[in-house]
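Visitor: What follows is final.csv, CSV, C-alpha atoms.
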chain,number,residue,atom,x,y,z
A,1,MET,CA,91.9,109.9,82.7
A,2,ASP,CA,92.2,113.6,82.9
A,3,VAL,CA,95.6,114.4,84.4
A,4,PRO,CA,97.6,117.6,84.7
A,5,PRO,CA,99.6,118.5,81.5
A,6,ALA,CA,102.9,117.9,83.3
A,7,ALA,CA,101.9,114.3,84.0
A,8,ALA,CA,101.9,113.5,80.3
A,9,ALA,CA,105.7,113.5,80.3
A,10,VAL,CA,105.6,110.3,82.3
A,11,SER,CA,105.6,107.7,79.6
A,12,VAL,CA,103.3,104.8,80.2
A,13,PRO,CA,102.4,103.1,76.8
A,14,PHE,CA,101.4,99.5,76.9
A,15,GLN,CA,98.7,97.2,75.7
A,16,GLU,CA,95.1,97.1,76.9
A,17,ARG,CA,94.6,94.5,79.6
A,18,ARG,CA,91.0,94.4,80.7
A,19,THR,CA,87.5,95.7,80.5
A,20,VAL,CA,85.4,95.8,83.6
A,21,ARG,CA,81.6,95.7,83.4
A,22,PRO,CA,80.3,94.5,86.9
A,23,VAL,CA,76.7,94.3,87.8
A,24,PRO,CA,76.2,95.3,91.5
A,25,ALA,CA,74.0,93.0,93.5
A,26,PRO,CA,71.2,94.5,95.7
A,27,PRO,CA,72.0,95.4,99.3
A,28,ALA,CA,71.9,92.6,101.9
A,29,PRO,CA,69.4,92.5,104.7
A,30,ALA,CA,70.4,92.7,108.4
A,31,ALA,CA,71.6,89.6,110.1
A,32,PRO,CA,68.8,87.2,111.0
A,33,GLY,CA,67.4,87.8,114.5
A,34,GLU,CA,69.0,91.2,114.9
A,35,PRO,CA,67.0,94.5,115.3
A,36,ALA,CA,66.2,96.5,112.2
A,37,GLU,CA,68.2,99.5,113.6
A,38,ALA,CA,71.4,97.5,113.1
A,39,VAL,CA,71.3,98.8,109.5
A,40,ASP,CA,72.5,102.3,109.7
A,41,PRO,CA,70.2,104.7,107.8
A,42,GLY,CA,73.0,107.3,107.6
A,43,ALA,CA,75.5,105.0,105.9
A,44,ARG,CA,75.0,106.6,102.5
A,45,GLY,CA,76.0,110.0,103.9
A,46,ARG,CA,79.4,108.8,105.1
A,47,PRO,CA,82.4,109.5,102.8
A,48,ARG,CA,83.3,106.3,100.9
A,49,VAL,CA,85.4,105.3,97.9
A,50,THR,CA,83.1,104.2,95.1
A,51,GLU,CA,85.6,103.8,92.3
A,52,LEU,CA,89.3,103.0,92.0
A,53,ARG,CA,91.0,104.1,88.8
A,54,LEU,CA,94.1,102.5,87.5
A,55,SER,CA,94.8,104.5,84.5
A,56,ALA,CA,98.4,103.2,84.1
A,57,PHE,CA,99.5,101.1,87.1
A,58,ALA,CA,101.4,97.8,87.0
A,59,GLY,CA,99.4,95.5,84.7
A,60,HIS,CA,96.4,97.8,84.4
A,61,ARG,CA,95.5,100.4,81.8
A,62,ARG,CA,92.4,102.6,81.7
A,63,ALA,CA,90.8,100.4,84.3
A,64,ALA,CA,87.9,101.8,86.4
A,65,LEU,CA,86.8,99.4,89.2
A,66,PRO,CA,83.5,100.3,90.9
A,67,LEU,CA,83.5,99.6,94.6
A,68,GLY,CA,80.3,98.7,96.5
A,69,PRO,CA,80.0,98.0,100.2
A,70,LEU,CA,81.4,94.5,99.5
A,71,THR,CA,83.5,94.2,96.4
A,72,LEU,CA,85.3,91.0,95.4
A,73,LEU,CA,87.9,91.1,92.6
A,74,ALA,CA,88.0,87.9,90.6
A,75,GLY,CA,90.3,86.6,87.9
A,76,PRO,CA,93.1,84.3,87.1
A,77,SER,CA,96.6,84.6,88.5
A,78,GLY,CA,98.3,87.6,87.0
A,79,SER,CA,95.1,89.5,86.3
A,80,GLY,CA,95.9,92.3,88.7
A,81,LYS,CA,93.9,91.6,91.8
A,82,THR,CA,96.7,92.1,94.2
A,83,SER,CA,98.1,95.2,92.4
A,84,ALA,CA,94.6,96.8,92.5
A,85,LEU,CA,94.3,96.3,96.3
A,86,ARG,CA,97.9,97.7,96.7
A,87,ALA,CA,96.9,100.8,94.8
A,88,TYR,CA,94.0,101.3,97.1
A,89,GLU,CA,96.2,100.9,100.1
A,90,ALA,CA,98.7,103.3,98.7
A,91,LEU,CA,96.0,106.0,98.2
A,92,ALA,CA,94.8,105.4,101.7
A,93,ARG,CA,98.3,105.9,103.1
A,94,LEU,CA,98.7,109.1,101.1
A,95,GLY,CA,95.3,110.3,102.4
A,96,GLY,CA,96.6,109.8,105.9
A,97,GLY,CA,99.6,112.0,105.4
A,98,ALA,CA,102.3,109.4,104.4
A,99,ASP,CA,104.9,110.4,101.9
A,100,LEU,CA,105.4,108.6,98.6
A,101,GLY,CA,108.1,106.4,99.9
A,102,GLU,CA,105.9,105.0,102.6
A,103,ALA,CA,102.9,104.5,100.2
A,104,PHE,CA,105.0,103.0,97.4
A,105,PRO,CA,107.9,101.1,98.9
A,106,ASP,CA,108.7,99.5,95.5
A,107,PRO,CA,107.7,102.2,93.0
A,108,GLY,CA,109.4,100.4,90.1
A,109,ALA,CA,106.8,97.6,90.4
A,110,CYS,CA,104.0,100.1,89.9
A,111,VAL,CA,105.3,101.2,86.5
A,112,PRO,CA,103.7,99.4,83.5
A,113,GLU,CA,106.0,96.8,82.2
A,114,ARG,CA,106.1,98.2,78.7
A,115,ALA,CA,106.4,101.8,79.6
A,116,ARG,CA,109.2,103.6,77.8
A,117,PRO,CA,111.2,106.4,79.4
A,118,ASP,CA,110.8,109.9,78.0
A,119,ALA,CA,113.7,112.1,76.9
A,120,GLN,CA,114.6,112.8,80.5
A,121,ARG,CA,114.6,109.0,81.2
A,122,ARG,CA,111.4,109.4,83.4
A,123,ARG,CA,108.8,106.7,83.9
A,124,GLY,CA,105.8,106.6,86.2
A,125,PHE,CA,102.2,105.6,86.8
A,126,ARG,CA,98.8,107.1,87.3
A,127,ILE,CA,96.0,106.1,89.8
A,128,GLY,CA,92.9,107.8,91.2
A,129,CYS,CA,89.6,107.3,92.9
A,130,THR,CA,86.2,108.7,93.4
A,131,ALA,CA,84.9,109.5,96.9
A,132,ASP,CA,81.2,109.9,97.3
A,133,GLY,CA,79.5,111.6,100.2
A,134,PRO,CA,77.7,114.8,101.3
A,135,GLU,CA,79.6,116.8,98.6
A,136,GLY,CA,78.6,114.4,95.9
A,137,PRO,CA,81.2,112.5,93.8
A,138,VAL,CA,84.7,113.9,94.3
A,139,ARG,CA,87.4,112.8,91.9
A,140,LEU,CA,91.1,112.5,92.9
A,141,ASP,CA,93.7,111.7,90.2
A,142,LEU,CA,97.4,111.4,90.8
A,143,ALA,CA,100.4,111.0,88.4
A,144,VAL,CA,103.6,109.8,90.0
A,145,GLN,CA,107.1,109.7,88.6
A,146,ALA,CA,108.9,106.5,89.8
A,147,GLU,CA,112.2,106.8,87.9
A,148,PRO,CA,114.8,108.3,88.2
A,149,GLU,CA,113.4,109.5,91.5
A,150,LEU,CA,110.0,109.2,93.2
A,151,ARG,CA,107.9,112.3,93.1
A,152,VAL,CA,104.5,113.7,92.4
A,153,VAL,CA,104.2,115.2,88.9
A,154,GLY,CA,100.5,116.1,88.9
A,155,GLU,CA,97.4,115.9,91.0
A,156,ARG,CA,93.8,116.9,90.3
A,157,LEU,CA,90.9,117.2,92.7
A,158,SER,CA,87.5,117.9,91.1
A,159,ALA,CA,83.8,117.9,91.9
A,160,GLY,CA,80.7,118.8,89.9
A,161,GLY,CA,82.8,119.5,86.8
A,162,VAL,CA,84.9,122.1,88.7
A,163,VAL,CA,88.7,121.6,89.2
A,164,LEU,CA,89.2,122.4,92.9
A,165,LEU,CA,93.0,121.6,93.0
A,166,GLU,CA,95.5,121.1,90.3
A,167,THR,CA,99.3,120.6,90.7
A,168,ALA,CA,102.0,120.2,88.2
A,169,LEU,CA,105.8,119.6,88.3
A,170,ARG,CA,107.2,122.5,86.2
A,171,ASP,CA,110.8,122.7,87.5
A,172,PRO,CA,112.3,119.2,87.9
A,173,GLY,CA,115.3,120.8,89.7
A,174,ARG,CA,113.2,121.8,92.7
A,175,ARG,CA,111.5,119.5,95.1
A,176,ARG,CA,108.0,121.0,94.8
A,177,VAL,CA,105.0,121.2,92.6
A,178,HIS,CA,103.1,124.3,91.5
A,179,ALA,CA,99.6,124.2,92.9
A,180,ALA,CA,96.5,126.2,92.2
A,181,TRP,CA,93.2,125.8,94.1
A,182,HIS,CA,89.7,127.2,93.6
A,183,THR,CA,89.0,130.5,95.4
A,184,ALA,CA,86.0,132.1,93.6
A,185,GLY,CA,86.7,135.4,95.3
A,186,GLU,CA,88.4,138.5,94.0
A,187,SER,CA,90.9,136.0,92.5
A,188,THR,CA,89.5,132.9,90.9
A,189,VAL,CA,92.5,130.7,92.0
A,190,THR,CA,95.2,130.8,94.7
A,191,ARG,CA,98.7,129.6,93.7
A,192,ALA,CA,101.4,128.3,95.9
A,193,PRO,CA,104.1,125.6,96.0
A,194,LEU,CA,103.5,122.2,97.6
A,195,PRO,CA,105.9,119.4,98.4
A,196,ASP,CA,106.4,116.9,95.6
A,197,ASP,CA,106.4,113.8,98.0
A,198,ARG,CA,102.9,114.3,99.5
A,199,LEU,CA,99.3,114.2,98.5
A,200,GLY,CA,98.3,117.9,98.0
A,201,THR,CA,94.7,117.1,98.8
A,202,ALA,CA,95.7,116.0,102.3
A,203,LEU,CA,97.6,119.2,102.9
A,204,LEU,CA,94.8,121.6,101.8
A,205,PRO,CA,93.3,122.1,105.3
A,206,LEU,CA,96.7,123.6,106.3
A,207,ARG,CA,96.8,125.9,103.3
A,208,VAL,CA,93.2,127.0,102.6
A,209,ALA,CA,91.7,129.7,104.8
A,210,GLY,CA,88.1,128.9,104.0
A,211,ARG,CA,87.0,132.6,103.8
A,212,THR,CA,85.2,132.4,100.4
A,213,HIS,CA,82.5,130.0,99.2
A,214,GLY,CA,85.0,128.6,96.7
A,215,GLN,CA,87.6,127.9,99.5
A,216,ARG,CA,85.0,126.2,101.6
A,217,LYS,CA,84.0,124.0,98.7
A,218,VAL,CA,87.6,123.0,98.3
A,219,LEU,CA,88.0,122.2,102.0
A,220,ALA,CA,84.8,120.2,102.0
A,221,ALA,CA,85.8,118.1,99.0
A,222,ALA,CA,89.3,117.5,100.3
A,223,GLU,CA,88.0,116.4,103.6
A,224,GLN,CA,85.5,114.0,102.0
A,225,ALA,CA,88.3,112.5,99.9
A,226,VAL,CA,90.7,112.1,102.9
A,227,VAL,CA,88.0,110.7,105.2
A,228,ALA,CA,86.9,108.2,102.6
A,229,LEU,CA,90.5,107.0,102.2
A,230,ARG,CA,91.4,106.8,105.8
A,231,SER,CA,90.5,104.0,108.2
A,232,VAL,CA,91.7,101.3,105.9
A,233,PHE,CA,92.8,98.0,107.4
A,234,PRO,CA,94.8,95.7,105.0
A,235,CYS,CA,94.3,92.2,106.4
A,236,ASP,CA,96.2,89.1,105.5
A,237,PRO,CA,95.9,86.5,108.3
A,238,ARG,CA,99.0,84.4,108.7
A,239,PRO,CA,98.2,81.1,110.3
A,240,ASP,CA,101.9,80.4,110.9
A,241,ARG,CA,102.1,83.5,113.2
A,242,MET,CA,98.8,82.9,114.9
A,243,ARG,CA,99.5,79.6,116.7
A,244,ASP,CA,101.8,80.7,119.4
A,245,ALA,CA,100.9,82.4,122.7
A,246,VAL,CA,101.5,86.2,122.7
A,247,PRO,CA,102.0,88.9,125.3
A,248,VAL,CA,98.9,90.5,126.7
A,249,GLY,CA,98.8,93.9,125.1
A,250,ALA,CA,96.5,96.7,124.2
A,251,GLY,CA,94.6,94.4,121.9
A,252,ARG,CA,94.8,96.1,118.5
A,253,LEU,CA,94.7,93.5,115.9
A,254,LEU,CA,97.7,93.5,113.5
A,255,ALA,CA,97.3,93.0,109.7
A,256,SER,CA,98.8,89.5,110.0
A,257,CYS,CA,96.4,88.7,112.9
A,258,ALA,CA,99.5,87.3,114.8
A,259,ASN,CA,98.1,88.7,118.1
A,260,LEU,CA,94.7,87.2,117.7
A,261,ALA,CA,94.7,85.7,121.2
A,262,ALA,CA,95.5,89.1,122.8
A,263,VAL,CA,92.6,90.7,120.9
A,264,LEU,CA,90.2,87.9,122.0
A,265,TRP,CA,91.3,88.6,125.6
A,266,ARG,CA,90.0,92.1,125.1
A,267,THR,CA,87.0,91.8,122.8
A,268,ARG,CA,85.3,88.8,124.6
A,269,ALA,CA,84.4,91.0,127.5
A,270,GLU,CA,83.6,94.2,125.6
A,271,CYS,CA,80.4,93.3,123.7
A,272,ALA,CA,78.5,90.1,124.5
A,273,ARG,CA,76.3,90.4,121.4
A,274,ARG,CA,79.2,90.7,118.9
A,275,HIS,CA,81.0,87.9,120.7
A,276,ALA,CA,78.0,85.7,120.3
A,277,LEU,CA,78.0,86.4,116.6
A,278,PHE,CA,81.7,85.6,116.5
A,279,VAL,CA,81.2,82.3,118.3
A,280,ALA,CA,78.4,81.4,115.8
A,281,ALA,CA,80.8,82.1,112.9
A,282,ALA,CA,83.5,80.0,114.6
A,283,ARG,CA,80.9,77.1,115.0
A,284,ALA,CA,80.2,77.2,111.3
A,285,GLY,CA,83.9,77.4,110.3
A,286,CYS,CA,85.6,75.0,112.7
A,287,ALA,CA,85.4,71.3,112.9
A,288,GLY,CA,83.8,69.7,116.0
A,289,ALA,CA,81.6,71.3,118.6
A,290,VAL,CA,82.3,75.0,119.6
A,291,GLU,CA,80.6,76.4,122.6
A,292,ASP,CA,82.8,79.4,123.0
A,293,VAL,CA,86.0,81.1,121.8
A,294,ALA,CA,88.1,82.3,124.7
A,295,ALA,CA,91.6,83.4,125.7
A,296,GLU,CA,93.5,82.1,128.7
A,297,VAL,CA,96.5,83.5,130.4
A,298,LEU,CA,99.4,81.1,130.8
A,299,GLY,CA,101.9,80.9,133.7
A,300,ASP,CA,104.5,83.0,131.9
A,301,GLY,CA,102.1,85.9,131.4
A,302,THR,CA,101.3,85.2,127.8
A,303,VAL,CA,97.8,84.5,126.4
A,304,ARG,CA,96.6,81.9,124.0
A,305,GLY,CA,93.3,81.5,122.2
A,306,VAL,CA,91.2,78.3,122.7
A,307,LEU,CA,88.0,76.7,121.5
A,308,ASP,CA,85.7,75.6,124.3
A,309,ARG,CA,84.2,72.3,123.2
A,310,GLY,CA,81.5,72.4,125.9
A,311,ASP,CA,82.5,69.1,127.5
A,312,GLY,CA,85.4,70.3,129.5
A,313,LEU,CA,87.9,70.1,126.6
A,314,ARG,CA,89.6,73.3,125.4
A,315,THR,CA,91.4,73.1,122.1
A,316,PRO,CA,94.3,75.6,121.7
A,317,LEU,CA,94.0,77.6,118.4
A,318,GLY,CA,97.5,76.4,117.6
A,319,ARG,CA,96.0,73.0,116.9
A,320,LEU,CA,93.6,74.2,114.3
A,321,GLY,CA,94.1,74.0,110.5
A,322,ASP,CA,95.2,77.0,108.4
A,323,GLY,CA,91.7,77.4,107.0
A,324,GLU,CA,90.1,77.4,110.4
A,325,LEU,CA,92.5,80.1,111.7
A,326,ARG,CA,92.0,82.3,108.6
A,327,HIS,CA,88.3,81.9,109.0
A,328,LEU,CA,88.4,82.9,112.7
A,329,ALA,CA,90.7,85.9,112.1
A,330,LEU,CA,88.6,87.3,109.2
A,331,ALA,CA,85.3,86.8,111.1
A,332,LEU,CA,86.8,88.8,114.0
A,333,VAL,CA,87.9,91.6,111.7
A,334,LEU,CA,84.4,91.8,110.2
A,335,LEU,CA,82.7,91.9,113.7
A,336,THR,CA,84.9,94.6,115.3
A,337,GLY,CA,85.9,98.2,114.4
A,338,PRO,CA,88.7,100.8,114.2
A,339,GLY,CA,89.1,100.9,117.9
A,340,VAL,CA,90.3,97.2,117.9
A,341,LEU,CA,92.1,97.1,114.5
A,342,GLU,CA,95.5,98.6,113.8
A,343,VAL,CA,94.2,101.5,111.7
A,344,ASP,CA,94.7,105.2,111.5
A,345,PRO,CA,91.3,106.9,111.4
A,346,ALA,CA,90.8,110.6,110.9
A,347,GLY,CA,91.0,111.8,114.5
A,348,GLU,CA,89.4,115.1,113.8
A,349,VAL,CA,86.2,113.5,112.4
A,350,PRO,CA,83.7,111.7,114.7
A,351,ALA,CA,83.8,107.9,114.3
A,352,ALA,CA,80.1,107.9,113.5
A,353,LEU,CA,81.0,109.8,110.2
A,354,GLN,CA,83.7,107.3,109.1
A,355,THR,CA,83.5,103.9,107.6
A,356,LEU,CA,86.1,101.2,108.1
A,357,THR,CA,87.4,99.6,104.9
A,358,VAL,CA,89.0,96.2,105.0
A,359,LEU,CA,91.3,95.2,102.2
A,360,CYS,CA,91.9,91.4,101.9
A,361,ASP,CA,93.9,89.8,99.2
A,362,GLY,CA,93.0,86.1,98.9
A,363,LEU,CA,89.8,86.4,100.9
A,364,ASP,CA,89.0,82.7,100.2
A,365,ARG,CA,92.6,81.4,100.5
A,366,GLY,CA,92.7,78.1,102.4
A,367,LEU,CA,89.0,78.1,103.0
A,368,ASP,CA,86.7,75.1,102.2
A,369,PRO,CA,83.3,75.8,100.6
A,370,ALA,CA,81.4,75.9,103.9
A,371,GLN,CA,83.9,78.4,105.5
A,372,ARG,CA,83.9,80.5,102.4
A,373,ALA,CA,80.1,80.7,102.3
A,374,GLU,CA,79.8,81.6,106.0
A,375,LEU,CA,82.5,84.3,105.7
A,376,VAL,CA,81.1,85.9,102.6
A,377,GLY,CA,77.6,85.9,104.1
A,378,LEU,CA,78.9,87.4,107.3
A,379,ALA,CA,80.7,90.1,105.3
A,380,ALA,CA,77.6,90.9,103.3
A,381,ARG,CA,75.5,91.3,106.4
A,382,MET,CA,78.1,93.5,108.2
A,383,CYS,CA,78.7,95.7,105.1
A,384,ALA,CA,74.9,96.2,104.6
A,385,ARG,CA,74.8,98.0,108.0
A,386,GLY,CA,77.1,100.7,106.7
A,387,HIS,CA,79.9,100.7,109.3
A,388,ILE,CA,82.3,98.6,107.3
A,389,ARG,CA,83.2,98.1,103.7
A,390,VAL,CA,85.3,95.3,102.2
A,391,ALA,CA,87.4,95.1,99.1
A,392,GLY,CA,88.9,91.7,98.6
A,393,ALA,CA,90.2,89.2,96.0
A,394,VAL,CA,88.9,85.7,95.4
A,395,SER,CA,90.1,82.9,93.2
A,396,ASP,CA,86.8,81.3,92.4
A,397,PRO,CA,84.1,83.9,91.4
A,398,ALA,CA,81.5,81.1,90.9
A,399,ALA,CA,81.5,80.4,94.6
A,400,VAL,CA,80.2,83.9,95.5
A,401,ALA,CA,78.0,84.5,92.4
A,402,GLY,CA,74.5,85.4,93.4
A,403,VAL,CA,75.2,86.2,97.0
A,404,ASP,CA,73.1,89.2,98.0
A,405,GLY,CA,75.1,92.3,98.7
A,406,VAL,CA,78.3,91.2,96.8
A,407,THR,CA,79.7,93.1,93.8
A,408,VAL,CA,82.0,90.9,91.8
A,409,VAL,CA,84.5,92.7,89.5
A,410,HIS,CA,86.0,90.3,86.9
A,411,LEU,CA,89.6,91.1,85.9
A,412,GLY,CA,91.0,89.2,82.9
A,413,PRO,CA,92.7,89.4,79.6
Do you think you could lay out the structure here as structure tokens?

Guide:
Amino acid sequence: MDVPPAAAAVSVPFQERRTVRPVPAPPAPAAPGEPAEAVDPGARGRPRVTELRLSAFAGHRRAALPLGPLTLLAGPSGSGKTSALRAYEALARLGGGADLGEAFPDPGACVPERARPDAQRRRGFRIGCTADGPEGPVRLDLAVQAEPELRVVGERLSAGGVVLLETALRDPGRRRVHAAWHTAGESTVTRAPLPDDRLGTALLPLRVAGRTHGQRKVLAAAEQAVVALRSVFPCDPRPDRMRDAVPVGAGRLLASCANLAAVLWRTRAECARRHALFVAAARAGCAGAVEDVAAEVLGDGTVRGVLDRGDGLRTPLGRLGDGELRHLALALVLLTGPGVLEVDPAGEVPAALQTLTVLCDGLDRGLDPAQRAELVGLAARMCARGHIRVAGAVSDPAAVAGVDGVTVVHLGP
């Protein structure tokens, strides 16, 4: 990975872990019986992350993971599936304006295990991504010092072979990095300090005037990278938290899906077509007859989810198995959008120009073969439309091999 010179001081030597050579599958068709316009022809123009680079992060070294609309990471326990998704989530948080402490709550775990400290006892890690969109591929690379204190030591934003932003930590005694961004005016670059605990790319709109062609190029590339990283929903349904009745609230689904019943109370009445698709997914993933999935308000003002069996019997979701609950929660996530999920989209960019990205570690956890097949098929159909992208991890790659629209990335020794 190309990193700023100052980043080289962060020692990260360790052994090669993996080689990634995925073969993307062709895009999936629209859902059967749905109109052709359900597939968004403008999806390719939306900013989207197409590669995640883990140059030196946890158990990864020089790993470049291509990301399609639906990407599933596969490999044995310890191959780095979870750490890869955590790196993606951290970049998303930084793109949204979070500081390093929020993005990396346990920075020591991000440092490669065999990394030796340098003469100043510093250790760190390096990650990056490529965001594709109207500006073409835009590369963002970041070097972070984790020890003795968390701070950015180098960042680079580039497009078309031109370095648009470069930062470097030159004075460890000051809480800032030296930044230089492309100008292409009377002066080729503009230099100024930036905080050492934030992503410089996300700060550029506040610093760049946009008067010259070069400055406008910098702003366009930075916006594309930030928009591609925003609107990320890390999802890990927790059946143990989904069984109880919950207060009726605003209905934004939490990452744990603990408030699934409250969200059902809202979404069931918002879009009949999507709710019908959700009921069909529930019918395929739950035992017994399913005529509807509803929410009912109890006497204490709380709400619980129920399966309507069609013969007068309503089964509370609390009586379902763990696999059934995870299947229901993930199906609902795939069939909804940022307005329902607990995400932080780029408010200054129209929703039509953004793509929701769902991160799901253990996508197939607790699911039987029929549930897994239904869920992966639903994910492929929804991702093909362009409004949503999914990056998840699975334990059994053979179970999803050959599914149209799925890119399987194998991680291993």

Visitor: List the residues sitting within 6 Å of (84.9, 81.8, 102.2) in the file's frame, using all atoms listed in the file, as a list in words.

Guide: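 Taken together, the residues in range are Asp364, Leu367, Gln371, Arg372, Ala373, Leu375 and Val376 of chain A.
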
Visitor: Can you work out the spacing between atom CA of Val297 of chain A and atom CA of Ala261 of chain A in Å, to one decimal?

Guide: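 Separating atom CA of Val297 of chain A from atom CA of Ala261 of chain A is a distance of 9.6 Å.
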
Visitor: Which residues come within 6 Å of Glu291 of chain A, counting only C-alpha atoms, excluding same-chain residues fewer than 4 positions away, as an MDAnalysis selection string?

Guide: chainID A and resid 308:310

Visitor: Could you tell me which of A:Leu100, A:Leu65, A:Val138, A:Ala56 comes closest to Leu411 of chain A if we count all atoms listed in the file?

Guide: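 Using all atoms listed in the file, the shortest distance to Leu411 of chain A belongs to A:Leu65.
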
Visitor: Find the spatial neighbours of segment 194-210 of chain A, counting only C-alpha atoms, within a cut-off of 6 Å - ignore same-chain residues fewer than 5 positions away - and output them as a ChimeraX atom specification.

Guide: /A:94-95,99-100,151-152,175-177,215-216,222

Visitor: I'd like to know which of A:Val248, A:His410, A:Asn259, A:Leu229 is closest to Ala398 of chain A, using all atoms listed in the file.

Guide: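 Checking each candidate against Ala398 of chain A, we get A:His410 as the closest.
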
Visitor: Just to confirm, what's the straight-line distance from atom CA of Val163 of chain A to atom CA of Val227 of chain A in Å (one decimal)?

Guide: 19.4 Å

Visitor: What is the distance between atom CA of Thr336 of chain A and atom CA of Ser256 of chain A, in Å to one decimal?

Guide: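 Value for the atom CA of Thr336 of chain A-atom CA of Ser256 of chain A distance: 15.7 Å.
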
Visitor: Compare A:Leu70, A:Lys81, A:Ala269, A:Gly312 by their minimum atom-to-atom distance to Ala289 of chain A, counting only C-alpha atoms, and give me the closest one.

Guide: A:Gly312

Visitor: Restricting the calculation to all atoms listed in the file: of A:Arg365, A:Cys383, A:Gly108, A:Thr357, which residue gets closest to Asp396 of chain A?

Guide: A:Arg365

Visitor: Measuring atom to atom with all atoms listed in the file, identify which of A:Leu277, A:Gln120, A:Ala393, A:Arg156 is nearest to Ala84 of chain A.

Guide: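 Comparing A:Leu277, A:Gln120, A:Ala393, A:Arg156 against Ala84 of chain A, the winner is A:Ala393.
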
Visitor: Rank A:Gly96, A:Val162, A:Pro172, A:Arg48 by their smallest atom-to-atom distance to Thr188 of chain A, using all atoms listed in the file, and report the top residue only.

Guide: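 Under the stated criterion, the closest residue is A:Val162.
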
Visitor: So which residues touch segment 319-327 of chain A within 6 Å, counting all atoms listed in the file, skipping near sequence neighbours fewer than 6 positions away, as a list in words?

Guide: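 Once the adjacent positions are removed, what remains is Pro237, Pro239, Cys286, Gly366 and Leu367 of chain A.
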
Visitor: Would you mind completing segment 379-390 of chain A so that it carries N, CA and C atoms, and writing it out as a PDB file, in the frame of the given file?

Guide:
ATOM      1  N   ALA A 379      80.260  88.836 105.811  1.00  0.00           N
ATOM      2  CA  ALA A 379      80.700  90.100 105.300  1.00  0.00           C
ATOM      3  C   ALA A 379      79.600  90.896 104.638  1.00  0.00           C
ATOM      4  N   ALA A 380      78.725  90.220 103.908  1.00  0.00           N
ATOM      5  CA  ALA A 380      77.600  90.900 103.300  1.00  0.00           C
ATOM      6  C   ALA A 380      76.668  91.515 104.320  1.00  0.00           C
ATOM      7  N   ARG A 381      76.401  90.784 105.390  1.00  0.00           N
ATOM      8  CA  ARG A 381      75.500  91.300 106.400  1.00  0.00           C
ATOM      9  C   ARG A 381      76.118  92.506 107.136  1.00  0.00           C
ATOM     10  N   MET A 382      77.404  92.405 107.457  1.00  0.00           N
ATOM     11  CA  MET A 382      78.100  93.500 108.200  1.00  0.00           C
ATOM     12  C   MET A 382      78.184  94.741 107.262  1.00  0.00           C
ATOM     13  N   CYS A 383      78.509  94.537 105.985  1.00  0.00           N
ATOM     14  CA  CYS A 383      78.700  95.700 105.100  1.00  0.00           C
ATOM     15  C   CYS A 383      77.328  96.367 104.836  1.00  0.00           C
ATOM     16  N   ALA A 384      76.226  95.615 104.876  1.00  0.00           N
ATOM     17  CA  ALA A 384      74.900  96.200 104.600  1.00  0.00           C
ATOM     18  C   ALA A 384      74.550  97.209 105.720  1.00  0.00           C
ATOM     19  N   ARG A 385      75.149  97.110 106.885  1.00  0.00           N
ATOM     20  CA  ARG A 385      74.800  98.000 108.000  1.00  0.00           C
ATOM     21  C   ARG A 385      75.488  99.402 107.797  1.00  0.00           C
ATOM     22  N   GLY A 386      76.540  99.462 106.993  1.00  0.00           N
ATOM     23  CA  GLY A 386      77.100 100.700 106.700  1.00  0.00           C
ATOM     24  C   GLY A 386      78.353 101.124 107.493  1.00  0.00           C
ATOM     25  N   HIS A 387      78.706 100.368 108.529  1.00  0.00           N
ATOM     26  CA  HIS A 387      79.900 100.700 109.300  1.00  0.00           C
ATOM     27  C   HIS A 387      81.172 100.202 108.766  1.00  0.00           C
ATOM     28  N   ILE A 388      81.078  99.245 107.835  1.00  0.00           N
ATOM     29  CA  ILE A 388      82.300  98.600 107.300  1.00  0.00           C
ATOM     30  C   ILE A 388      82.086  98.366 105.823  1.00  0.00           C
ATOM     31  N   ARG A 389      83.174  98.466 105.083  1.00  0.00           N
ATOM     32  CA  ARG A 389      83.200  98.100 103.700  1.00  0.00           C
ATOM     33  C   ARG A 389      84.358  97.153 103.463  1.00  0.00           C
ATOM     34  N   VAL A 390      84.237  96.276 102.485  1.00  0.00           N
ATOM     35  CA  VAL A 390      85.300  95.300 102.200  1.00  0.00           C
ATOM     36  C   VAL A 390      85.588  95.259 100.743  1.00  0.00           C
TER      37      VAL A 390
END
